[in-house]
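**Q** My structure is in my_file_16.pdb, and what it holds is PDB, C-alpha atoms:
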ATOM      1  CA  MET A 999      26.062 -15.271  17.145
ATOM      2  CA  LEU A1000      23.003 -17.439  16.528
ATOM      3  CA  PRO A1001      23.567 -20.735  14.671
ATOM      4  CA  PRO A1002      22.095 -20.786  11.114
ATOM      5  CA  PHE A1003      19.110 -22.967  12.052
ATOM      6  CA  ALA A1004      18.184 -20.517  14.839
ATOM      7  CA  VAL A1005      18.240 -17.610  12.378
ATOM      8  CA  VAL A1006      15.922 -19.540  10.050
ATOM      9  CA  VAL A1007      13.525 -20.310  12.919
ATOM     10  CA  LEU A1008      13.574 -16.673  14.042
ATOM     11  CA  LEU A1009      12.844 -15.384  10.547
ATOM     12  CA  PHE A1010      10.044 -17.933  10.171
ATOM     13  CA  GLN A1011       8.484 -16.809  13.428
ATOM     14  CA  VAL A1012       8.676 -13.134  12.390
ATOM     15  CA  ALA A1013       7.016 -13.936   9.044
ATOM     16  CA  ILE A1014       4.217 -15.865  10.739
ATOM     17  CA  ALA A1015       3.687 -13.117  13.319
ATOM     18  CA  ALA A1016       3.218 -10.528  10.561
ATOM     19  CA  ILE A1017       0.364 -12.353   8.837
ATOM     20  CA  ALA A1018      -2.855 -10.465   9.459
ATOM     21  CA  PRO A1019      -5.620 -12.238  11.362
ATOM     22  CA  THR A1020      -8.995 -12.651   9.691
ATOM     23  CA  ILE A1021     -12.581 -11.822  10.600
ATOM     24  CA  GLN A1022     -15.800 -13.375   9.358
ATOM     25  CA  LEU A1023     -18.058 -11.610   6.890
ATOM     26  CA  ASN A1024     -21.853 -11.779   6.906
ATOM     27  CA  ASP A1025     -21.770 -14.434   4.151
ATOM     28  CA  GLY A1026     -19.531 -16.766   6.166
ATOM     29  CA  ASN A1027     -16.322 -16.010   4.275
ATOM     30  CA  THR A1028     -13.288 -14.652   6.108
ATOM     31  CA  ILE A1029     -11.214 -11.568   5.269
ATOM     32  CA  PRO A1030      -7.763 -10.441   6.469
ATOM     33  CA  VAL A1031      -7.894  -7.295   8.604
ATOM     34  CA  VAL A1032      -5.244  -5.388   6.599
ATOM     35  CA  ALA A1033      -4.982  -5.003   2.811
ATOM     36  CA  LEU A1034      -2.307  -3.639   0.512
ATOM     37  CA  GLY A1035      -3.857  -0.844  -1.502
ATOM     38  CA  THR A1036      -2.965  -0.388  -5.161
ATOM     39  CA  GLY A1037      -3.937   2.234  -7.727
ATOM     40  CA  ARG A1038      -2.071   5.347  -8.892
ATOM     41  CA  GLY A1039       1.123   3.321  -8.978
ATOM     42  CA  THR A1040       0.202   2.103  -5.478
ATOM     43  CA  ALA A1041       1.846   5.050  -3.754
ATOM     44  CA  LYS A1042       1.734   8.173  -5.903
ATOM     45  CA  GLU A1043       0.807   9.217  -9.408
ATOM     46  CA  SER A1044       4.424   9.855 -10.444
ATOM     47  CA  GLU A1045       5.348   6.202 -10.025
ATOM     48  CA  SER A1046       5.070   3.616 -12.787
ATOM     49  CA  VAL A1047       2.244   1.114 -12.620
ATOM     50  CA  ASP A1048       5.012  -1.496 -12.951
ATOM     51  CA  GLU A1049       5.878  -0.692  -9.332
ATOM     52  CA  VAL A1050       2.668  -2.501  -8.383
ATOM     53  CA  ARG A1051       3.983  -5.924  -9.414
ATOM     54  CA  GLN A1052       6.952  -5.657  -7.068
ATOM     55  CA  ALA A1053       4.869  -4.089  -4.280
ATOM     56  CA  VAL A1054       2.384  -6.970  -4.374
ATOM     57  CA  TYR A1055       5.193  -9.520  -4.249
ATOM     58  CA  TRP A1056       6.903  -7.743  -1.335
ATOM     59  CA  ALA A1057       3.582  -7.471   0.461
ATOM     60  CA  ILE A1058       2.949 -11.212   0.215
ATOM     61  CA  GLN A1059       6.513 -11.814   1.380
ATOM     62  CA  ALA A1060       5.853  -9.575   4.389
ATOM     63  CA  GLY A1061       2.687 -11.466   5.358
ATOM     64  CA  TYR A1062      -0.127  -9.616   3.578
ATOM     65  CA  ARG A1063      -2.823 -11.941   2.358
ATOM     66  CA  HIS A1064      -5.260  -9.268   1.109
ATOM     67  CA  ILE A1065      -4.650  -7.175  -2.026
ATOM     68  CA  ASP A1066      -7.074  -4.404  -3.043
ATOM     69  CA  THR A1067      -7.298  -3.239  -6.663
ATOM     70  CA  ALA A1068      -9.944  -1.995  -9.132
ATOM     71  CA  ALA A1069     -10.665  -1.887 -12.856
ATOM     72  CA  ILE A1070     -10.168   1.885 -12.908
ATOM     73  CA  TYR A1071      -6.697   1.590 -11.334
ATOM     74  CA  PHE A1072      -5.482  -0.011 -14.585
ATOM     75  CA  ASP A1073      -3.095  -2.202 -12.603
ATOM     76  CA  GLU A1074      -4.974  -5.503 -12.374
ATOM     77  CA  GLU A1075      -2.481  -7.124 -14.748
ATOM     78  CA  GLN A1076       0.455  -6.065 -12.574
ATOM     79  CA  VAL A1077      -1.354  -7.187  -9.413
ATOM     80  CA  GLY A1078      -1.911 -10.564 -11.037
ATOM     81  CA  GLN A1079       1.742 -10.822 -12.025
ATOM     82  CA  GLY A1080       2.855 -10.148  -8.453
ATOM     83  CA  ILE A1081       0.453 -12.794  -7.179
ATOM     84  CA  ALA A1082       1.536 -15.306  -9.839
ATOM     85  CA  GLN A1083       5.206 -14.839  -8.948
ATOM     86  CA  ALA A1084       4.509 -15.306  -5.239
ATOM     87  CA  ILE A1085       2.599 -18.519  -5.966
ATOM     88  CA  ALA A1086       5.336 -19.744  -8.334
ATOM     89  CA  ASP A1087       7.923 -19.094  -5.619
ATOM     90  CA  LYS A1088       5.767 -21.087  -3.192
ATOM     91  CA  LEU A1089       5.290 -18.166  -0.809
ATOM     92  CA  VAL A1090       1.535 -18.827  -0.858
ATOM     93  CA  SER A1091      -1.160 -20.765  -2.653
ATOM     94  CA  ARG A1092      -4.145 -19.069  -4.274
ATOM     95  CA  GLY A1093      -6.332 -20.202  -1.394
ATOM     96  CA  ASP A1094      -4.160 -18.276   1.062
ATOM     97  CA  LEU A1095      -4.920 -14.965  -0.639
ATOM     98  CA  PHE A1096      -7.859 -12.578  -0.577
ATOM     99  CA  VAL A1097      -8.139 -10.455  -3.722
ATOM    100  CA  THR A1098     -10.520  -7.509  -4.024
ATOM    101  CA  THR A1099     -11.352  -5.670  -7.230
ATOM    102  CA  LYS A1100     -14.083  -3.236  -8.224
ATOM    103  CA  LEU A1101     -16.648  -2.546 -10.938
ATOM    104  CA  TRP A1102     -16.267   0.825 -12.637
ATOM    105  CA  ASN A1103     -19.112   3.288 -13.205
ATOM    106  CA  ASP A1104     -19.556   2.641 -16.935
ATOM    107  CA  LYS A1105     -20.479  -1.028 -16.385
ATOM    108  CA  HIS A1106     -23.491  -0.598 -14.106
ATOM    109  CA  ARG A1107     -26.189  -2.220 -16.242
ATOM    110  CA  GLN A1108     -27.082  -5.639 -14.933
ATOM    111  CA  ASP A1109     -25.908  -7.433 -18.071
ATOM    112  CA  GLN A1110     -22.537  -5.618 -17.974
ATOM    113  CA  VAL A1111     -21.466  -6.739 -14.509
ATOM    114  CA  VAL A1112     -20.480 -10.350 -15.157
ATOM    115  CA  PRO A1113     -18.568  -9.533 -18.384
ATOM    116  CA  ALA A1114     -16.743  -6.717 -16.543
ATOM    117  CA  LEU A1115     -15.701  -9.100 -13.787
ATOM    118  CA  LYS A1116     -14.594 -11.713 -16.320
ATOM    119  CA  ASP A1117     -12.428  -9.043 -17.945
ATOM    120  CA  SER A1118     -10.874  -8.208 -14.564
ATOM    121  CA  LEU A1119     -10.262 -11.899 -13.886
ATOM    122  CA  LYS A1120      -8.502 -12.276 -17.230
ATOM    123  CA  LYS A1121      -6.195  -9.365 -16.388
ATOM    124  CA  LEU A1122      -5.562 -10.714 -12.899
ATOM    125  CA  GLY A1123      -4.930 -14.222 -14.211
ATOM    126  CA  LEU A1124      -7.401 -15.637 -11.686
ATOM    127  CA  ASP A1125     -10.460 -17.880 -11.825
ATOM    128  CA  TYR A1126     -12.245 -15.898  -9.126
ATOM    129  CA  VAL A1127     -11.804 -12.941  -6.796
ATOM    130  CA  ASP A1128     -12.622 -13.034  -3.120
ATOM    131  CA  LEU A1129     -14.469  -9.716  -3.109
ATOM    132  CA  TYR A1130     -16.088  -7.677  -5.890
ATOM    133  CA  LEU A1131     -17.287  -4.157  -5.092
ATOM    134  CA  ILE A1132     -19.404  -1.555  -6.856
ATOM    135  CA  HIS A1133     -16.805   1.219  -6.849
ATOM    136  CA  PHE A1134     -19.288   4.134  -6.700
ATOM    137  CA  PRO A1135     -23.093   4.399  -6.586
ATOM    138  CA  VAL A1136     -22.850   6.556  -9.727
ATOM    139  CA  ALA A1137     -23.430   5.254 -13.255
ATOM    140  CA  THR A1138     -21.772   6.746 -16.322
ATOM    141  CA  LYS A1139     -21.707   6.026 -20.015
ATOM    142  CA  ALA A1140     -18.451   5.050 -21.698
ATOM    143  CA  ASP A1141     -17.722   8.714 -22.431
ATOM    144  CA  GLY A1142     -18.100   9.628 -18.744
ATOM    145  CA  SER A1143     -21.454  11.371 -19.116
ATOM    146  CA  PRO A1144     -24.274  10.497 -16.685
ATOM    147  CA  ASP A1145     -26.199   7.287 -17.214
ATOM    148  CA  ASN A1146     -29.536   6.675 -15.532
ATOM    149  CA  VAL A1147     -28.857   3.216 -14.089
ATOM    150  CA  ASP A1148     -29.924   2.639 -10.517
ATOM    151  CA  PHE A1149     -27.450   0.754  -8.337
ATOM    152  CA  THR A1150     -30.175  -1.707  -7.374
ATOM    153  CA  GLU A1151     -30.051  -2.931 -10.980
ATOM    154  CA  THR A1152     -26.255  -3.139 -10.763
ATOM    155  CA  TRP A1153     -26.563  -5.162  -7.575
ATOM    156  CA  LYS A1154     -28.581  -7.845  -9.372
ATOM    157  CA  GLY A1155     -25.581  -8.329 -11.644
ATOM    158  CA  MET A1156     -23.308  -8.517  -8.594
ATOM    159  CA  GLU A1157     -25.512 -11.237  -7.109
ATOM    160  CA  GLN A1158     -25.287 -13.155 -10.392
ATOM    161  CA  ALA A1159     -21.476 -12.881 -10.295
ATOM    162  CA  LYS A1160     -21.441 -14.407  -6.824
ATOM    163  CA  GLN A1161     -23.862 -17.151  -7.794
ATOM    164  CA  LEU A1162     -21.619 -18.020 -10.768
ATOM    165  CA  GLY A1163     -18.630 -18.402  -8.448
ATOM    166  CA  LEU A1164     -16.696 -15.574 -10.080
ATOM    167  CA  THR A1165     -16.461 -13.849  -6.704
ATOM    168  CA  ARG A1166     -16.771 -15.273  -3.218
ATOM    169  CA  SER A1167     -18.223 -12.106  -1.652
ATOM    170  CA  ILE A1168     -19.814  -8.913  -2.960
ATOM    171  CA  GLY A1169     -20.000  -5.432  -1.548
ATOM    172  CA  VAL A1170     -19.955  -1.722  -2.258
ATOM    173  CA  SER A1171     -17.676   1.280  -1.976
ATOM    174  CA  ASN A1172     -18.439   4.956  -1.306
ATOM    175  CA  PHE A1173     -22.102   4.252  -0.524
ATOM    176  CA  ASN A1174     -23.770   6.405   2.126
ATOM    177  CA  MET A1175     -26.288   5.373   4.743
ATOM    178  CA  SER A1176     -29.442   6.017   2.734
ATOM    179  CA  GLN A1177     -27.998   4.175  -0.249
ATOM    180  CA  ILE A1178     -27.118   1.169   1.916
ATOM    181  CA  ASP A1179     -30.643   1.204   3.365
ATOM    182  CA  ARG A1180     -32.203   1.255  -0.085
ATOM    183  CA  LEU A1181     -29.880  -1.465  -1.367
ATOM    184  CA  ILE A1182     -30.502  -3.931   1.449
ATOM    185  CA  SER A1183     -34.258  -3.348   1.261
ATOM    186  CA  THR A1184     -34.351  -5.200  -2.081
ATOM    187  CA  ALA A1185     -31.127  -7.252  -2.123
ATOM    188  CA  LYS A1186     -31.252 -11.041  -2.047
ATOM    189  CA  ILE A1187     -27.639 -10.993  -0.837
ATOM    190  CA  TRP A1188     -26.546  -8.186   1.475
ATOM    191  CA  PRO A1189     -23.251  -6.410   0.843
ATOM    192  CA  ALA A1190     -20.454  -7.841   2.984
ATOM    193  CA  ILE A1191     -18.269  -4.714   2.781
ATOM    194  CA  ASN A1192     -18.495  -0.959   2.301
ATOM    195  CA  GLU A1193     -15.109   0.535   1.392
ATOM    196  CA  ILE A1194     -14.948   4.208   2.397
ATOM    197  CA  GLU A1195     -12.404   6.809   3.450
ATOM    198  CA  VAL A1196     -11.558   6.637   7.164
ATOM    199  CA  ASN A1197      -8.663   8.315   8.969
ATOM    200  CA  PRO A1198      -8.056  10.626  11.950
ATOM    201  CA  THR A1199      -9.485  13.678  10.152
ATOM    202  CA  LEU A1200     -12.484  11.734   8.780
ATOM    203  CA  THR A1201     -13.434   9.303  11.533
ATOM    204  CA  GLN A1202     -17.004   8.618  10.316
ATOM    205  CA  GLU A1203     -17.976   7.300  13.754
ATOM    206  CA  HIS A1204     -21.754   7.415  13.285
ATOM    207  CA  PHE A1205     -21.564   5.806   9.860
ATOM    208  CA  ILE A1206     -19.147   3.089  11.016
ATOM    209  CA  SER A1207     -21.505   2.212  13.887
ATOM    210  CA  TYR A1208     -24.389   2.031  11.422
ATOM    211  CA  LEU A1209     -22.503  -0.321   9.075
ATOM    212  CA  GLN A1210     -21.458  -2.567  11.931
ATOM    213  CA  SER A1211     -25.035  -2.695  13.220
ATOM    214  CA  LYS A1212     -26.037  -4.076   9.805
ATOM    215  CA  GLY A1213     -23.242  -6.671   9.797
ATOM    216  CA  ILE A1214     -21.393  -4.843   7.005
ATOM    217  CA  VAL A1215     -17.633  -4.620   7.527
ATOM    218  CA  PRO A1216     -16.078  -1.210   6.789
ATOM    219  CA  MET A1217     -12.820  -1.059   4.860
ATOM    220  CA  GLY A1218     -10.894   2.203   5.123
ATOM    221  CA  TYR A1219      -8.921   3.740   2.278
ATOM    222  CA  SER A1220      -6.561   6.717   2.778
ATOM    223  CA  PRO A1221      -6.028   5.501   6.377
ATOM    224  CA  PHE A1222      -3.157   7.916   7.090
ATOM    225  CA  GLY A1223      -5.217  11.008   6.303
ATOM    226  CA  PHE A1224      -2.878  14.013   6.154
ATOM    227  CA  LEU A1225      -0.218  12.408   8.352
ATOM    228  CA  VAL A1226       2.480  12.869   5.719
ATOM    229  CA  SER A1227       0.852  15.636   3.674
ATOM    230  CA  ARG A1228       3.196  17.789   1.623
ATOM    231  CA  LYS A1229       0.756  20.710   1.902
ATOM    232  CA  MET A1230       1.526  21.248   5.543
ATOM    233  CA  GLU A1231       0.083  24.725   5.917
ATOM    234  CA  SER A1232      -3.281  24.032   4.322
ATOM    235  CA  THR A1233      -4.228  20.621   5.698
ATOM    236  CA  PRO A1234      -5.497  19.664   9.145
ATOM    237  CA  PRO A1235      -3.564  17.745  11.808
ATOM    238  CA  PRO A1236      -2.381  15.278  12.882
ATOM    239  CA  ARG A1237       1.071  15.107  11.311
ATOM    240  CA  ALA A1238       3.565  12.311  11.792
ATOM    241  CA  ASP A1239       5.285  14.304  14.539
ATOM    242  CA  ASP A1240       2.112  15.118  16.478
ATOM    243  CA  PRO A1241       2.944  14.953  20.215
ATOM    244  CA  GLU A1242      -0.050  12.763  21.096
ATOM    245  CA  LEU A1243       0.772  10.244  18.371
ATOM    246  CA  VAL A1244       4.486  10.339  19.189
ATOM    247  CA  LYS A1245       3.693   9.567  22.829
ATOM    248  CA  MET A1246       1.677   6.497  21.792
ATOM    249  CA  ALA A1247       4.356   5.425  19.320
ATOM    250  CA  GLN A1248       7.037   5.596  22.001
ATOM    251  CA  LYS A1249       4.873   3.659  24.431
ATOM    252  CA  TYR A1250       4.412   0.748  22.012
ATOM    253  CA  GLY A1251       7.741   0.935  20.156
ATOM    254  CA  LYS A1252       6.000   1.759  16.888
ATOM    255  CA  THR A1253       5.847   4.580  14.354
ATOM    256  CA  THR A1254       3.014   7.109  14.306
ATOM    257  CA  SER A1255       1.869   5.596  10.989
ATOM    258  CA  GLN A1256       1.496   2.226  12.690
ATOM    259  CA  ILE A1257      -0.460   3.886  15.501
ATOM    260  CA  VAL A1258      -2.919   5.311  12.969
ATOM    261  CA  LEU A1259      -3.351   1.937  11.232
ATOM    262  CA  ARG A1260      -3.924   0.250  14.579
ATOM    263  CA  TYR A1261      -6.501   2.945  15.355
ATOM    264  CA  LEU A1262      -8.604   1.670  12.450
ATOM    265  CA  ILE A1263      -8.124  -1.981  13.370
ATOM    266  CA  ASP A1264      -9.158  -1.332  16.977
ATOM    267  CA  ARG A1265     -12.361   0.227  15.615
ATOM    268  CA  SER A1266     -12.976  -2.967  13.565
ATOM    269  CA  ILE A1267     -12.163  -1.201  10.289
ATOM    270  CA  ILE A1268      -9.905  -2.857   7.699
ATOM    271  CA  PRO A1269      -7.194  -0.345   6.708
ATOM    272  CA  ILE A1270      -5.834  -0.286   3.160
ATOM    273  CA  PRO A1271      -2.372   1.319   3.317
ATOM    274  CA  LYS A1272      -0.503   1.966   0.050
ATOM    275  CA  SER A1273       3.249   1.860  -0.493
ATOM    276  CA  THR A1274       5.862   0.723  -2.997
ATOM    277  CA  ASN A1275       8.670   0.926  -0.426
ATOM    278  CA  GLN A1276       9.603  -2.537   0.820
ATOM    279  CA  ASN A1277      10.371  -1.421   4.375
ATOM    280  CA  ARG A1278       7.165   0.597   4.699
ATOM    281  CA  ILE A1279       5.121  -2.264   3.245
ATOM    282  CA  ALA A1280       6.471  -4.530   5.988
ATOM    283  CA  GLN A1281       6.016  -1.826   8.628
ATOM    284  CA  ASN A1282       2.376  -1.326   7.660
ATOM    285  CA  ILE A1283       1.482  -4.894   8.615
ATOM    286  CA  ASP A1284       3.564  -5.053  11.795
ATOM    287  CA  LEU A1285       0.510  -4.182  13.855
ATOM    288  CA  PHE A1286      -0.500  -7.258  15.810
ATOM    289  CA  ASP A1287       1.667  -7.198  18.918
ATOM    290  CA  PHE A1288      -0.137  -4.248  20.517
ATOM    291  CA  SER A1289      -3.518  -2.553  20.689
ATOM    292  CA  LEU A1290      -4.646   0.925  21.687
ATOM    293  CA  THR A1291      -6.625   1.696  24.822
ATOM    294  CA  LYS A1292     -10.116   3.201  24.655
ATOM    295  CA  ASP A1293      -8.658   6.513  25.823
ATOM    296  CA  GLU A1294      -6.044   6.479  23.066
ATOM    297  CA  ILE A1295      -8.710   5.729  20.459
ATOM    298  CA  ALA A1296     -10.733   8.667  21.802
ATOM    299  CA  ILE A1297      -7.709  10.983  21.619
ATOM    300  CA  ILE A1298      -7.145  10.142  17.950
ATOM    301  CA  SER A1299     -10.860  10.497  17.190
ATOM    302  CA  ARG A1300     -10.741  14.070  18.456
ATOM    303  CA  PHE A1301      -8.682  15.002  15.398
ATOM    304  CA  ASN A1302     -11.836  14.572  13.293
ATOM    305  CA  LYS A1303     -12.639  17.539  11.039
ATOM    306  CA  ASN A1304     -14.875  15.770   8.498
ATOM    307  CA  ILE A1305     -12.274  16.643   5.853
ATOM    308  CA  ARG A1306     -11.498  14.221   3.062
ATOM    309  CA  VAL A1307      -8.160  13.357   1.506
ATOM    310  CA  ILE A1308      -9.908  12.035  -1.602
ATOM    311  CA  ASN A1309     -12.403  14.533  -2.989
ATOM    312  CA  PRO A1310     -14.756  12.957  -5.530
ATOM    313  CA  VAL A1311     -15.091  14.444  -8.985
ATOM    314  CA  ASN A1312     -18.058  16.720  -9.534
ATOM    315  CA  TRP A1313     -20.933  14.282  -9.936
ATOM    316  CA  LYS A1314     -23.648  16.547  -8.574
ATOM    317  CA  ASP A1315     -25.724  16.195 -11.737
ATOM    318  CA  TYR A1316     -25.479  12.403 -11.731
ATOM    319  CA  PRO A1317     -28.192  10.056 -10.427
ATOM    320  CA  ASN A1318     -27.486   8.749  -6.893
ATOM    321  CA  TYR A1319     -25.204  11.675  -5.993
ATOM    322  CA  PRO A1320     -24.219  12.502  -3.258
ATOM    323  CA  PHE A1321     -22.471   9.448  -1.893
ATOM    324  CA  VAL A1322     -20.627  11.369   0.820
ATOM    325  CA  GLU A1323     -21.612  10.441   4.381
ATOM    326  CA  TYR A1324     -20.026  11.658   7.581
TER     327      TYR A1324
END
Take the structure in the file and write it out as structure tokens.
**A**
Amino acid sequence: MLPPFAVVVLLFQVAIAAIAPTIQLNDGNTIPVVALGTGRGTAKESESVDEVRQAVYWAIQAGYRHIDTAAIYFDEEQVGQGIAQAIADKLVSRGDLFVTTKLWNDKHRQDQVVPALKDSLKKLGLDYVDLYLIHFPVATKADGSPDNVDFTETWKGMEQAKQLGLTRSIGVSNFNMSQIDRLISTAKIWPAINEIEVNPTLTQEHFISYLQSKGIVPMGYSPFGFLVSRKMESTPPPRADDPELVKMAQKYGKTTSQIVLRYLIDRSIIPIPKSTNQNRIAQNIDLFDFSLTKDEIAIISRFNKNIRVINPVNWKDYPNYPFVEY
């Protein structure tokens, strides 16, 4: 049996090993390469939003330093509570963390952006966020009906938010290639991030290459795709028991879910896994003692079917639709 001090040292080493490395953004700030996703009770709609507070705390305990939320998730308060508890317990300081939140569609007018972010900051209990994103390139009125506000106007408000120090970095989410092109043609500050869906059935290889050529880091939501889908007969592979993924998992001593997360990381995409299960939260960041080969990345990419897990609501009559890009 190990002496007590050896157990403490071992646990400390495991905790340090689990902390995600960081990469540099185009504005000079750094971002951890894995984020805990929140929203819809973090894991599924049937769970209470109160689960988020505990999930955030467990995630920080496990080594996560990046938490992803949004105004429309209605969980910013719980995210903030989890962060506050972790800081109070001296697990981290505020400077150790990277917090992302997002502007919702009904706050796209330039003069609405800063007040919307201030409202998010109040709920989070923070003085600033590390990353503020335009959630969709679609503007709506408060009642959800279309509003004719171009995202280039919204972006001016985002730039003001950064200049005021309310956010360290700014970016977008669910923007396609033509929208990115139009945005950067007039922007004083280029977006640092585009958060989009990426997984084995929606690999977005051309679009990812485009973003990286512009110095824009892709973040990937729904990173597992249909790996654990309950609609087995109607959704595309791979599943968690796929022979190719199982072979890789056995080779590296990992789960197939970890293989899929590493697949994104090895393509320089920041995955955003969701969970409220403490063991799975820890498992989803235990990714930094192996990497996939080019051949293994190619094998997983062959699962691509250009099929989305998250299908946007019907915004076909809204300005700036479509935002889908394969």
**Q** Which one of A:Phe1134, A:Trp1102, A:Phe1072, A:Tyr1250 sits closest to Leu1122 in chain A if you count only C-alpha atoms?
**A**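 Among the listed residues, the smallest separation from Leu1122 in chain A belongs to A:Phe1072.
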**Q** With the PyMOL selection byres ((chain A and resi 1081-1094) around 9) as the selection, what would be picked from this file? Answer as a count of residues only, please.
**A** 17
**Q** Please report the interatomic distance between CA of Pro1221 in chain A and CA of Leu1285 in chain A in Å with one decimal.
**A**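 Pair CA of Pro1221 in chain A / CA of Leu1285 in chain A returns 13.9 Å.
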**Q** Taking the file as I've supplied it (selection: the PyMOL selection byres ((chain A and resi 1271) around 10)), which residues are included? Please answer as a short mmCIF file (atom, residue, chain, number, x, y, z; two decimals) with C-alpha atoms, in the coordinates of the input.
**A**
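The result, stored in selection.cif:
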data_model
loop_
_atom_site.label_atom_id
_atom_site.label_comp_id
_atom_site.auth_asym_id
_atom_site.auth_seq_id
_atom_site.Cartn_x
_atom_site.Cartn_y
_atom_site.Cartn_z
CA VAL A 1032 -5.24 -5.39 6.60
CA ALA A 1033 -4.98 -5.00 2.81
CA LEU A 1034 -2.31 -3.64 0.51
CA GLY A 1035 -3.86 -0.84 -1.50
CA THR A 1036 -2.96 -0.39 -5.16
CA THR A 1040 0.20 2.10 -5.48
CA ALA A 1041 1.85 5.05 -3.75
CA ASP A 1066 -7.07 -4.40 -3.04
CA GLY A 1218 -10.89 2.20 5.12
CA TYR A 1219 -8.92 3.74 2.28
CA SER A 1220 -6.56 6.72 2.78
CA PRO A 1221 -6.03 5.50 6.38
CA PHE A 1222 -3.16 7.92 7.09
CA SER A 1255 1.87 5.60 10.99
CA LEU A 1259 -3.35 1.94 11.23
CA ILE A 1268 -9.90 -2.86 7.70
CA PRO A 1269 -7.19 -0.34 6.71
CA ILE A 1270 -5.83 -0.29 3.16
CA LYS A 1272 -0.50 1.97 0.05
CA SER A 1273 3.25 1.86 -0.49
CA ARG A 1278 7.16 0.60 4.70
CA ILE A 1279 5.12 -2.26 3.24
CA ASN A 1282 2.38 -1.33 7.66
CA ILE A 1283 1.48 -4.89 8.62
#
**Q** As an exercise, work out the distance from CA of Ile1295 in chain A to CA of Tyr1261 in chain A in Å and give it to one decimal place.
**A**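 So the two atoms, CA of Ile1295 in chain A and CA of Tyr1261 in chain A, lie 6.2 Å apart.
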**Q** Suppose you want the space between CA of Asn1192 in chain A and CA of Ala1238 in chain A; what is it in Å?
**A**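 It comes out at 27.4 Å.
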**Q** Using the chain letters and numbers from this file, what does the PyMOL selection byres ((chain A and resi 1304) around 7) select? Give the answer as a list in words.
**A** Thr1199, Leu1200, Asn1302, Lys1303, Ile1305, Arg1306 and Tyr1324 of chain A
**Q** Where atoms are absent from range 1092-1096 of chain A, fill them in so it carries all heavy atoms, then output it as a compact mmCIF listing (two decimals), keeping the file's coordinate frame.
**A**
# COMPACT_ATOMS: atom_id res chain seq x y z
N ARG A 1092 -3.03 -19.98 -3.98
CA ARG A 1092 -4.14 -19.07 -4.27
C ARG A 1092 -5.13 -19.03 -3.13
O ARG A 1092 -5.67 -17.97 -2.79
CB ARG A 1092 -4.86 -19.49 -5.57
CG ARG A 1092 -6.17 -18.73 -5.86
CD ARG A 1092 -5.92 -17.27 -6.07
NE ARG A 1092 -7.16 -16.49 -6.25
CZ ARG A 1092 -7.79 -15.85 -5.29
NH1 ARG A 1092 -7.34 -15.89 -4.04
NH2 ARG A 1092 -8.89 -15.15 -5.55
N GLY A 1093 -5.37 -20.16 -2.49
CA GLY A 1093 -6.33 -20.20 -1.39
C GLY A 1093 -5.92 -19.41 -0.17
O GLY A 1093 -6.76 -19.10 0.68
N ASP A 1094 -4.64 -19.07 -0.07
CA ASP A 1094 -4.16 -18.28 1.06
C ASP A 1094 -4.50 -16.80 0.90
O ASP A 1094 -4.43 -16.04 1.87
CB ASP A 1094 -2.63 -18.39 1.21
CG ASP A 1094 -2.18 -19.79 1.54
OD1 ASP A 1094 -2.92 -20.50 2.25
OD2 ASP A 1094 -1.09 -20.18 1.08
N LEU A 1095 -4.80 -16.38 -0.33
CA LEU A 1095 -4.92 -14.96 -0.64
C LEU A 1095 -6.37 -14.51 -0.71
O LEU A 1095 -7.27 -15.28 -1.01
CB LEU A 1095 -4.23 -14.66 -1.97
CG LEU A 1095 -2.72 -14.93 -2.02
CD1 LEU A 1095 -2.20 -14.69 -3.43
CD2 LEU A 1095 -1.98 -14.06 -1.01
N PHE A 1096 -6.55 -13.22 -0.46
CA PHE A 1096 -7.86 -12.58 -0.58
C PHE A 1096 -7.67 -11.39 -1.52
O PHE A 1096 -6.94 -10.45 -1.22
CB PHE A 1096 -8.34 -12.10 0.80
CG PHE A 1096 -9.78 -11.67 0.84
CD1 PHE A 1096 -10.75 -12.51 1.37
CD2 PHE A 1096 -10.18 -10.42 0.36
CE1 PHE A 1096 -12.09 -12.12 1.42
CE2 PHE A 1096 -11.50 -10.03 0.40
CZ PHE A 1096 -12.46 -10.88 0.93
